[in-house]
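Colleague: Sharing target32.cif (mmCIF, C-alpha atoms) below.
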```cif
data_my_file
loop_
_atom_site.group_PDB
_atom_site.id
_atom_site.type_symbol
_atom_site.label_atom_id
_atom_site.label_comp_id
_atom_site.auth_asym_id
_atom_site.auth_seq_id
_atom_site.Cartn_x
_atom_site.Cartn_y
_atom_site.Cartn_z
ATOM 1 C CA MET A 38 29.102 -75.114 47.032
ATOM 2 C CA ARG A 39 29.750 -72.068 44.917
ATOM 3 C CA SER A 40 32.877 -70.060 45.436
ATOM 4 C CA ARG A 41 32.741 -66.447 46.542
ATOM 5 C CA PRO A 42 34.174 -65.184 43.236
ATOM 6 C CA GLY A 43 31.481 -67.078 41.399
ATOM 7 C CA LEU A 44 28.758 -65.508 43.520
ATOM 8 C CA PHE A 45 30.261 -62.068 43.010
ATOM 9 C CA PHE A 46 30.327 -62.293 39.245
ATOM 10 C CA GLN A 47 26.864 -63.782 39.218
ATOM 11 C CA SER A 48 25.519 -60.880 41.275
ATOM 12 C CA LEU A 49 27.372 -58.387 39.061
ATOM 13 C CA ALA A 50 25.838 -59.923 35.953
ATOM 14 C CA LEU A 51 22.355 -59.709 37.419
ATOM 15 C CA THR A 52 22.917 -56.104 38.456
ATOM 16 C CA LEU A 53 24.170 -55.174 34.988
ATOM 17 C CA LEU A 54 21.180 -56.857 33.405
ATOM 18 C CA LEU A 55 18.956 -54.590 35.472
ATOM 19 C CA LEU A 56 20.974 -51.378 35.140
ATOM 20 C CA LEU A 57 21.927 -51.451 31.465
ATOM 21 C CA PRO A 58 18.338 -51.164 30.111
ATOM 22 C CA MET A 59 17.618 -48.419 32.638
ATOM 23 C CA MET A 60 20.763 -46.542 31.599
ATOM 24 C CA GLY A 61 19.789 -46.932 27.976
ATOM 25 C CA VAL A 62 16.371 -45.455 28.647
ATOM 26 C CA VAL A 63 17.930 -42.534 30.553
ATOM 27 C CA LEU A 64 20.432 -41.825 27.775
ATOM 28 C CA PHE A 65 17.645 -41.967 25.183
ATOM 29 C CA LEU A 66 15.512 -39.494 27.142
ATOM 30 C CA VAL A 67 18.479 -37.139 27.636
ATOM 31 C CA GLY A 68 19.197 -37.257 23.908
ATOM 32 C CA GLN A 69 15.568 -36.495 23.079
ATOM 33 C CA ARG A 70 15.553 -33.550 25.460
ATOM 34 C CA GLU A 71 18.725 -32.110 23.968
ATOM 35 C CA GLU A 72 17.275 -32.461 20.478
ATOM 36 C CA GLN A 73 14.098 -30.695 21.517
ATOM 37 C CA ASN A 74 16.113 -27.881 23.118
ATOM 38 C CA GLU A 75 18.076 -27.440 19.904
ATOM 39 C CA LEU A 76 14.853 -27.294 17.886
ATOM 40 C CA ARG A 77 13.358 -24.728 20.272
ATOM 41 C CA GLN A 78 16.493 -22.583 20.078
ATOM 42 C CA ALA A 79 16.454 -22.745 16.276
ATOM 43 C CA ALA A 80 12.785 -21.757 16.229
ATOM 44 C CA ALA A 81 13.503 -18.909 18.627
ATOM 45 C CA ARG A 82 16.307 -17.671 16.383
ATOM 46 C CA GLN A 83 13.995 -17.738 13.383
ATOM 47 C CA GLY A 84 11.210 -16.057 15.312
ATOM 48 C CA SER A 85 13.536 -13.306 16.456
ATOM 49 C CA VAL A 86 14.191 -12.097 12.911
ATOM 50 C CA ALA A 87 13.187 -8.438 13.040
ATOM 51 C CA VAL A 88 10.362 -7.281 10.772
ATOM 52 C CA GLU A 89 10.981 -3.763 9.508
ATOM 53 C CA THR A 90 8.569 -1.172 10.821
ATOM 54 C CA GLY A 91 5.876 -0.497 8.236
ATOM 55 C CA ALA A 92 6.591 -3.652 6.225
ATOM 56 C CA GLN A 93 3.282 -5.260 7.155
ATOM 57 C CA ASN A 94 1.037 -2.189 6.813
ATOM 58 C CA THR A 95 -1.497 -1.543 4.062
ATOM 59 C CA HIS A 96 -3.459 1.710 3.708
ATOM 60 C CA ARG A 97 -6.336 2.582 1.373
ATOM 61 C CA LEU A 98 -7.138 6.277 1.087
ATOM 62 C CA LEU A 99 -9.743 8.235 -0.841
ATOM 63 C CA VAL A 100 -7.908 11.437 -1.737
ATOM 64 C CA ALA A 101 -10.051 14.373 -2.884
ATOM 65 C CA ILE A 102 -8.816 17.511 -4.628
ATOM 66 C CA GLN A 103 -11.126 20.407 -3.865
ATOM 67 C CA GLY A 104 -12.427 22.236 -6.909
ATOM 68 C CA ASP A 105 -15.426 22.684 -9.143
ATOM 69 C CA PRO A 106 -15.687 19.916 -10.023
ATOM 70 C CA PRO A 107 -13.575 18.090 -7.419
ATOM 71 C CA SER A 108 -11.115 15.372 -8.426
ATOM 72 C CA PHE A 109 -10.523 12.021 -6.769
ATOM 73 C CA VAL A 110 -7.640 9.560 -6.529
ATOM 74 C CA LEU A 111 -7.799 6.217 -4.769
ATOM 75 C CA VAL A 112 -4.397 5.546 -3.187
ATOM 76 C CA ARG A 113 -3.141 2.208 -1.899
ATOM 77 C CA LEU A 114 0.081 1.969 0.121
ATOM 78 C CA ASP A 115 0.970 -1.720 0.274
ATOM 79 C CA GLY A 116 3.921 -2.558 2.531
ATOM 80 C CA PRO A 117 3.900 -6.359 2.014
ATOM 81 C CA ALA A 118 3.746 -5.962 -1.789
ATOM 82 C CA ARG A 119 6.157 -2.970 -1.760
ATOM 83 C CA THR A 120 3.772 -1.141 -4.051
ATOM 84 C CA ILE A 121 2.098 2.264 -4.226
ATOM 85 C CA THR A 122 -0.911 2.496 -6.523
ATOM 86 C CA PHE A 123 -2.805 5.579 -7.697
ATOM 87 C CA CYS A 124 -6.161 5.235 -9.427
ATOM 88 C CA GLY A 125 -8.061 8.299 -10.628
ATOM 89 C CA LEU A 126 -11.848 8.291 -10.173
ATOM 90 C CA PRO A 127 -14.058 10.409 -12.450
ATOM 91 C CA SER A 128 -15.964 13.132 -10.649
ATOM 92 C CA ARG A 129 -19.032 12.034 -12.644
ATOM 93 C CA MET A 130 -18.736 8.427 -11.479
ATOM 94 C CA LEU A 131 -22.143 7.202 -10.362
ATOM 95 C CA VAL A 132 -22.421 5.862 -6.817
ATOM 96 C CA LYS A 133 -25.356 4.440 -4.875
ATOM 97 C CA ALA A 134 -27.345 6.909 -2.811
ATOM 98 C CA PRO A 135 -30.454 6.613 -0.592
ATOM 99 C CA ALA A 136 -32.553 8.257 -3.314
ATOM 100 C CA GLY A 137 -31.067 6.141 -6.104
ATOM 101 C CA GLN A 138 -27.818 7.366 -7.630
ATOM 102 C CA THR A 139 -25.635 10.439 -7.570
ATOM 103 C CA THR A 140 -22.172 11.299 -8.818
ATOM 104 C CA LEU A 141 -19.122 11.212 -6.606
ATOM 105 C CA GLY A 142 -18.511 14.896 -7.331
ATOM 106 C CA ASP A 143 -22.052 16.027 -6.509
ATOM 107 C CA CYS A 144 -21.957 14.017 -3.294
ATOM 108 C CA TYR A 145 -18.703 15.710 -2.298
ATOM 109 C CA MET A 146 -20.008 19.191 -3.118
ATOM 110 C CA THR A 147 -23.226 18.768 -1.125
ATOM 111 C CA ALA A 148 -22.101 16.626 1.817
ATOM 112 C CA GLY A 149 -18.288 16.577 1.887
ATOM 113 C CA PRO A 150 -15.589 13.893 1.630
ATOM 114 C CA ALA A 151 -16.913 11.716 4.461
ATOM 115 C CA ARG A 152 -20.185 11.187 2.628
ATOM 116 C CA ALA A 153 -18.339 10.549 -0.646
ATOM 117 C CA ALA A 154 -16.313 7.820 1.051
ATOM 118 C CA GLN A 155 -19.500 6.329 2.517
ATOM 119 C CA LEU A 156 -21.292 6.165 -0.846
ATOM 120 C CA LEU A 157 -18.188 4.672 -2.444
ATOM 121 C CA GLU A 158 -18.396 1.902 0.169
ATOM 122 C CA ASP A 159 -22.115 1.432 -0.534
ATOM 123 C CA THR A 160 -21.319 1.069 -4.236
ATOM 124 C CA LEU A 161 -18.314 -1.250 -4.023
ATOM 125 C CA GLY A 162 -19.003 -3.104 -0.785
ATOM 126 C CA LEU A 163 -15.591 -2.100 0.555
ATOM 127 C CA ALA A 164 -14.568 1.125 2.265
ATOM 128 C CA PRO A 165 -11.367 3.159 2.138
ATOM 129 C CA ASP A 166 -9.565 3.288 5.464
ATOM 130 C CA ALA A 167 -9.811 7.080 5.491
ATOM 131 C CA TYR A 168 -10.453 10.139 3.348
ATOM 132 C CA PHE A 169 -8.191 13.131 2.845
ATOM 133 C CA ALA A 170 -9.233 16.355 1.083
ATOM 134 C CA ALA A 171 -7.273 19.493 0.238
ATOM 135 C CA THR A 172 -6.780 22.022 -2.548
ATOM 136 C CA ALA A 173 -4.444 21.396 -5.472
ATOM 137 C CA ASP A 174 -2.085 24.082 -4.134
ATOM 138 C CA CYS A 175 -1.928 22.301 -0.803
ATOM 139 C CA TYR A 176 -1.012 19.005 -2.470
ATOM 140 C CA ALA A 177 1.674 20.765 -4.517
ATOM 141 C CA GLY A 178 3.287 21.780 -1.233
ATOM 142 C CA PHE A 179 3.639 18.150 -0.171
ATOM 143 C CA LEU A 180 6.773 18.085 -2.337
ATOM 144 C CA ASP A 181 9.320 20.877 -2.097
ATOM 145 C CA GLU A 182 10.163 23.057 -5.068
ATOM 146 C CA THR A 183 13.250 21.017 -5.973
ATOM 147 C CA ALA A 184 11.153 17.945 -6.834
ATOM 148 C CA THR A 185 10.886 17.064 -10.527
ATOM 149 C CA ALA A 186 9.159 14.458 -12.642
ATOM 150 C CA ARG A 187 9.408 13.403 -16.277
ATOM 151 C CA VAL A 188 6.084 12.331 -17.770
ATOM 152 C CA ASP A 189 5.943 10.753 -21.215
ATOM 153 C CA THR A 190 2.830 12.160 -22.885
ATOM 154 C CA ALA A 191 2.991 9.350 -25.450
ATOM 155 C CA SER A 192 1.488 7.061 -22.808
ATOM 156 C CA LEU A 193 -1.394 9.487 -22.210
ATOM 157 C CA LEU A 194 -2.208 11.195 -25.518
ATOM 158 C CA GLU A 195 -2.812 10.263 -29.131
ATOM 159 C CA LYS A 196 -0.231 11.606 -31.588
ATOM 160 C CA GLU A 197 -2.489 14.304 -33.037
ATOM 161 C CA THR A 198 -3.372 15.584 -29.579
ATOM 162 C CA ARG A 199 0.276 15.587 -28.483
ATOM 163 C CA ILE A 200 1.245 17.648 -31.516
ATOM 164 C CA ALA A 201 -1.555 20.120 -30.851
ATOM 165 C CA LEU A 202 -0.328 20.562 -27.280
ATOM 166 C CA GLY A 203 3.303 20.972 -28.312
ATOM 167 C CA TYR A 204 4.571 17.484 -27.515
ATOM 168 C CA GLY A 205 5.027 16.266 -31.069
ATOM 169 C CA THR A 206 8.834 16.174 -31.287
ATOM 170 C CA ASP A 207 9.682 15.753 -27.614
ATOM 171 C CA THR A 208 6.932 13.751 -25.905
ATOM 172 C CA VAL A 209 8.384 14.114 -22.408
ATOM 173 C CA ALA A 210 7.094 16.843 -20.101
ATOM 174 C CA GLU A 211 9.448 18.084 -17.367
ATOM 175 C CA LEU A 212 7.321 18.940 -14.337
ATOM 176 C CA THR A 213 7.730 20.536 -10.927
ATOM 177 C CA PRO A 214 5.050 20.683 -8.233
ATOM 178 C CA GLU A 215 4.242 24.244 -9.356
ATOM 179 C CA THR A 216 3.779 23.357 -13.044
ATOM 180 C CA ALA A 217 2.128 19.971 -12.501
ATOM 181 C CA GLU A 218 -1.391 21.337 -11.913
ATOM 182 C CA ASP A 219 -1.412 23.298 -15.183
ATOM 183 C CA PHE A 220 -0.211 20.178 -16.999
ATOM 184 C CA ILE A 221 -2.925 18.058 -15.373
ATOM 185 C CA GLY A 222 -5.595 20.592 -16.294
ATOM 186 C CA GLN A 223 -4.329 20.912 -19.856
ATOM 187 C CA LEU A 224 -4.420 17.183 -20.526
ATOM 188 C CA SER A 225 -7.664 16.579 -18.649
ATOM 189 C CA GLU A 226 -9.478 19.048 -20.919
ATOM 190 C CA VAL A 227 -8.635 17.128 -24.097
ATOM 191 C CA LEU A 228 -9.191 13.602 -22.776
ATOM 192 C CA GLU A 229 -12.361 11.667 -22.142
ATOM 193 C CA GLU A 230 -13.061 9.600 -19.058
ATOM 194 C CA PRO A 231 -11.549 7.653 -17.491
ATOM 195 C CA GLN A 232 -8.259 8.825 -19.041
ATOM 196 C CA ALA A 233 -8.935 12.421 -17.981
ATOM 197 C CA SER A 234 -9.111 11.428 -14.323
ATOM 198 C CA SER A 235 -6.035 9.250 -14.697
ATOM 199 C CA VAL A 236 -3.711 12.149 -15.578
ATOM 200 C CA ARG A 237 -3.331 13.238 -11.966
ATOM 201 C CA ALA A 238 -2.702 9.644 -10.896
ATOM 202 C CA ALA A 239 -0.039 9.334 -13.611
ATOM 203 C CA VAL A 240 1.674 12.578 -12.560
ATOM 204 C CA TRP A 241 1.694 11.741 -8.848
ATOM 205 C CA ALA A 242 3.039 8.282 -9.638
ATOM 206 C CA ALA A 243 5.817 9.814 -11.752
ATOM 207 C CA PHE A 244 6.992 12.112 -8.945
ATOM 208 C CA LEU A 245 7.254 9.276 -6.410
ATOM 209 C CA ARG A 246 8.572 6.676 -8.844
ATOM 210 C CA GLN A 247 11.476 8.902 -9.837
ATOM 211 C CA GLU A 248 12.162 10.260 -6.349
ATOM 212 C CA PRO A 249 10.776 7.750 -3.816
ATOM 213 C CA THR A 250 12.678 9.309 -0.908
ATOM 214 C CA ARG A 251 10.173 12.183 -1.121
ATOM 215 C CA LEU A 252 7.693 9.867 0.561
ATOM 216 C CA THR A 253 9.289 10.463 3.939
ATOM 217 C CA GLN A 254 8.415 14.178 3.975
ATOM 218 C CA ILE A 255 4.716 13.859 3.074
ATOM 219 C CA PRO A 256 3.270 12.925 6.520
ATOM 220 C CA GLN A 257 4.934 15.858 8.281
ATOM 221 C CA VAL A 258 3.742 18.284 5.595
ATOM 222 C CA ALA A 259 0.235 16.883 6.103
ATOM 223 C CA ARG A 260 0.533 17.619 9.829
ATOM 224 C CA ASP A 261 1.816 21.139 9.173
ATOM 225 C CA ASN A 262 -1.139 21.801 6.848
ATOM 226 C CA SER A 263 -3.828 20.260 9.043
ATOM 227 C CA ALA A 264 -5.739 23.555 9.116
ATOM 228 C CA ARG A 265 -6.061 23.404 5.309
ATOM 229 C CA THR A 266 -7.244 19.799 5.032
ATOM 230 C CA LEU A 267 -10.312 17.697 5.757
ATOM 231 C CA THR A 268 -9.649 14.145 6.937
ATOM 232 C CA ASP A 269 -10.769 11.494 9.383
ATOM 233 C CA LEU A 270 -7.185 10.332 9.896
ATOM 234 C CA LEU A 271 -6.224 10.286 13.547
ATOM 235 C CA ALA A 272 -2.745 11.200 14.783
ATOM 236 C CA GLN A 273 -1.949 7.501 15.264
ATOM 237 C CA ASP A 274 -3.175 6.735 11.734
ATOM 238 C CA LEU A 275 -0.841 9.345 10.285
ATOM 239 C CA TYR A 276 2.025 7.984 12.367
ATOM 240 C CA THR A 277 1.402 4.472 10.995
ATOM 241 C CA ILE A 278 1.240 5.817 7.432
ATOM 242 C CA GLU A 279 4.543 7.588 8.059
ATOM 243 C CA GLU A 280 6.092 4.262 9.099
ATOM 244 C CA THR A 281 4.819 2.643 5.919
ATOM 245 C CA MET A 282 6.040 5.458 3.674
ATOM 246 C CA THR A 283 9.457 5.423 5.313
ATOM 247 C CA TYR A 284 9.692 1.677 4.771
ATOM 248 C CA LEU A 285 8.584 1.913 1.132
ATOM 249 C CA ALA A 286 10.982 4.794 0.435
ATOM 250 C CA GLY A 287 13.907 2.550 1.342
ATOM 251 C CA GLN A 288 12.925 -0.386 -0.875
ATOM 252 C CA SER A 289 14.956 -0.835 -4.053
ATOM 253 C CA THR A 290 12.155 -3.022 -5.432
ATOM 254 C CA LEU A 291 9.427 -0.429 -4.802
ATOM 255 C CA THR A 292 6.767 -0.298 -7.532
ATOM 256 C CA VAL A 293 4.845 2.958 -8.051
ATOM 257 C CA GLN A 294 2.048 2.651 -10.570
ATOM 258 C CA TYR A 295 -1.175 4.209 -11.732
ATOM 259 C CA LEU A 296 -4.178 2.235 -12.867
ATOM 260 C CA VAL A 297 -7.173 3.218 -14.988
ATOM 261 C CA PRO A 298 -10.647 1.895 -14.104
ATOM 262 C CA THR A 299 -12.919 0.975 -16.984
ATOM 263 C CA GLY A 300 -16.505 1.998 -17.561
ATOM 264 C CA GLN A 301 -18.839 4.005 -19.786
ATOM 265 C CA ASP A 302 -19.934 7.617 -19.837
ATOM 266 C CA GLY A 303 -23.680 8.179 -20.010
ATOM 267 C CA ALA A 304 -26.199 10.982 -19.727
ATOM 268 C CA ASP A 305 -26.496 10.667 -15.955
ATOM 269 C CA GLY A 306 -22.832 10.022 -15.222
ATOM 270 C CA TRP A 307 -19.892 7.698 -15.682
ATOM 271 C CA VAL A 308 -20.619 4.068 -14.821
ATOM 272 C CA LEU A 309 -18.081 1.470 -13.737
ATOM 273 C CA ASP A 310 -18.201 -1.769 -15.693
ATOM 274 C CA GLU A 311 -17.494 -5.199 -14.213
ATOM 275 C CA ASP A 312 -13.717 -4.967 -14.729
ATOM 276 C CA GLY A 313 -13.603 -1.445 -13.324
ATOM 277 C CA THR A 314 -15.572 -2.485 -10.252
ATOM 278 C CA GLN A 315 -13.273 -5.454 -9.680
ATOM 279 C CA LEU A 316 -10.198 -3.243 -9.986
ATOM 280 C CA LEU A 317 -11.433 -0.800 -7.317
ATOM 281 C CA GLN A 318 -12.478 -3.669 -5.048
ATOM 282 C CA GLU A 319 -8.991 -5.130 -5.295
ATOM 283 C CA LEU A 320 -7.464 -1.776 -4.368
ATOM 284 C CA LEU A 321 -9.775 -1.526 -1.371
ATOM 285 C CA GLY A 322 -9.357 -5.158 -0.372
#
```
Would you write out, as structure tokens, the structure that this file holds?
Modeller:
Amino acid sequence: MRSRPGLFFQSLALTLLLLLPMMGVVLFLVGQREEQNELRQAAARQGSVAVETGAQNTHRLLVAIQGDPPSFVLVRLDGPARTITFCGLPSRMLVKAPAGQTTLGDCYMTAGPARAAQLLEDTLGLAPDAYFAATADCYAGFLDETATARVDTASLLEKETRIALGYGTDTVAELTPETAEDFIGQLSEVLEEPQASSVRAAVWAAFLRQEPTRLTQIPQVARDNSARTLTDLLAQDLYTIEETMTYLAGQSTLTVQYLVPTGQDGADGWVLDEDGTQLLQELLG
């Protein structure tokens, strides 16, 4: 006959054999849950990293300068790439039209900037987000009179042409918004396409590259001059562009550049080549 202590220890051993595996399973599940909670908290911390307003925005604008002939600049504001790109488009650039072909300038003069933007889309397969048209004087007012830019004419003109225009010894032109239009007109008259249309893009790029904080004032000036402009930008669109410009103005790694499309000038107009078409498609993409 077994003693009572023997029965007790035997029962205890059986109980432990049943409980220990169950306790092990419970401890394992608790550990797994704690690990998952830690992973979720870490993911939440990473997901809560604030993205600066405007950092994810990209805008593609067809900017027209009213005149006879009109001028055009394709502008891309790229928040993710921290880049602003200006690309001048020849007024005589041929675009697809219902009757065949027409030039961008003739389209603008007969039907306005909205139609010019539409035919540009028909030609390239990609559309600008919006168009914006104003006079050269109106654009000059987008920067106050204290703004300045230094433009090296050596990057725009051949030596003989620079000398003829008075930039032989000192190739750098000191510009203000008031003098910039005369400079653009002067250089455009002695250059062939597409370089002639690229002068304005180069000058605008120089102003913002050297003083990027000026970006923050442009949207409000556009609002103040709404009676002098033609655009399909809505109030919300302009607000979003303002966010992007403010973001870009604060970036130490901001790149402001101008690009020149390639093509050939013919009797009927200036024709984009394959590389030029690809460049504009990338800007609109």
Colleague: Between A:Arg119, A:Arg199, A:Arg246, A:Arg265, which has the minimum distance to A:Gln223 (counting only C-alpha atoms)?
Modeller: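 Of the candidates, the smallest distance to A:Gln223 is held by A:Arg199.
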Colleague: Expand the PyMOL selection byres ((chain A and resi 256) around 12) into the individual residues it matches in the shown file, reporting them as an mmCIF file with C-alpha atoms, in the coordinates of the input.
Modeller:
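Once everything was written out, this is out-v9.cif:
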```cif
data_model
loop_
_atom_site.group_PDB
_atom_site.id
_atom_site.type_symbol
_atom_site.label_atom_id
_atom_site.label_comp_id
_atom_site.auth_asym_id
_atom_site.auth_seq_id
_atom_site.Cartn_x
_atom_site.Cartn_y
_atom_site.Cartn_z
ATOM 1 C CA TYR A 176 -1.012 19.005 -2.470
ATOM 2 C CA GLY A 178 3.287 21.780 -1.233
ATOM 3 C CA PHE A 179 3.639 18.150 -0.171
ATOM 4 C CA LEU A 180 6.773 18.085 -2.337
ATOM 5 C CA ARG A 251 10.173 12.183 -1.121
ATOM 6 C CA LEU A 252 7.693 9.867 0.561
ATOM 7 C CA THR A 253 9.289 10.463 3.939
ATOM 8 C CA GLN A 254 8.415 14.178 3.975
ATOM 9 C CA ILE A 255 4.716 13.859 3.074
ATOM 10 C CA GLN A 257 4.934 15.858 8.281
ATOM 11 C CA VAL A 258 3.742 18.284 5.595
ATOM 12 C CA ALA A 259 0.235 16.883 6.103
ATOM 13 C CA ARG A 260 0.533 17.619 9.829
ATOM 14 C CA ASP A 261 1.816 21.139 9.173
ATOM 15 C CA ASN A 262 -1.139 21.801 6.848
ATOM 16 C CA SER A 263 -3.828 20.260 9.043
ATOM 17 C CA LEU A 270 -7.185 10.332 9.896
ATOM 18 C CA ALA A 272 -2.745 11.200 14.783
ATOM 19 C CA GLN A 273 -1.949 7.501 15.264
ATOM 20 C CA ASP A 274 -3.175 6.735 11.734
ATOM 21 C CA LEU A 275 -0.841 9.345 10.285
ATOM 22 C CA TYR A 276 2.025 7.984 12.367
ATOM 23 C CA THR A 277 1.402 4.472 10.995
ATOM 24 C CA ILE A 278 1.240 5.817 7.432
ATOM 25 C CA GLU A 279 4.543 7.588 8.059
ATOM 26 C CA GLU A 280 6.092 4.262 9.099
ATOM 27 C CA THR A 281 4.819 2.643 5.919
ATOM 28 C CA MET A 282 6.040 5.458 3.674
ATOM 29 C CA THR A 283 9.457 5.423 5.313
#
```
Colleague: Near stretch 287-298 of chain A, counting all atoms listed in the file, which residues have an atom at most 9 Å away, once you skip same-chain residues fewer than 3 positions from it, shown as a PyMOL selection string?
Modeller: chain A and resi 118-126+231-232+234-235+238-243+245-246+249-250+282-284+309-310+312-317
Colleague: Between atom CA of A:Ser128 and atom CA of A:Cys175, what distance in Å does the model show, to one decimal?
Modeller: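 Separating atom CA of A:Ser128 from atom CA of A:Cys175 is a distance of 19.4 Å.
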Colleague: Considering only C-alpha atoms, can you say which of A:Thr190, A:Gln93, A:Thr139, A:Gln155 comes closest to A:Ile221?
Modeller: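 Of the candidates, the smallest distance to A:Ile221 is held by A:Thr190.
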Colleague: Find the axis-aligned box for stretch 154-172 of chain A, covering all its listed atoms and adding 4 Å on each side, and write its centre and edge lengths in Å to one decimal as AutoDock Vina command-line options.
Modeller:
```
--center_x -14.4 --center_y 9.5 --center_z 0.6 --size_x 23.3 --size_y 33.1 --size_z 17.7
```
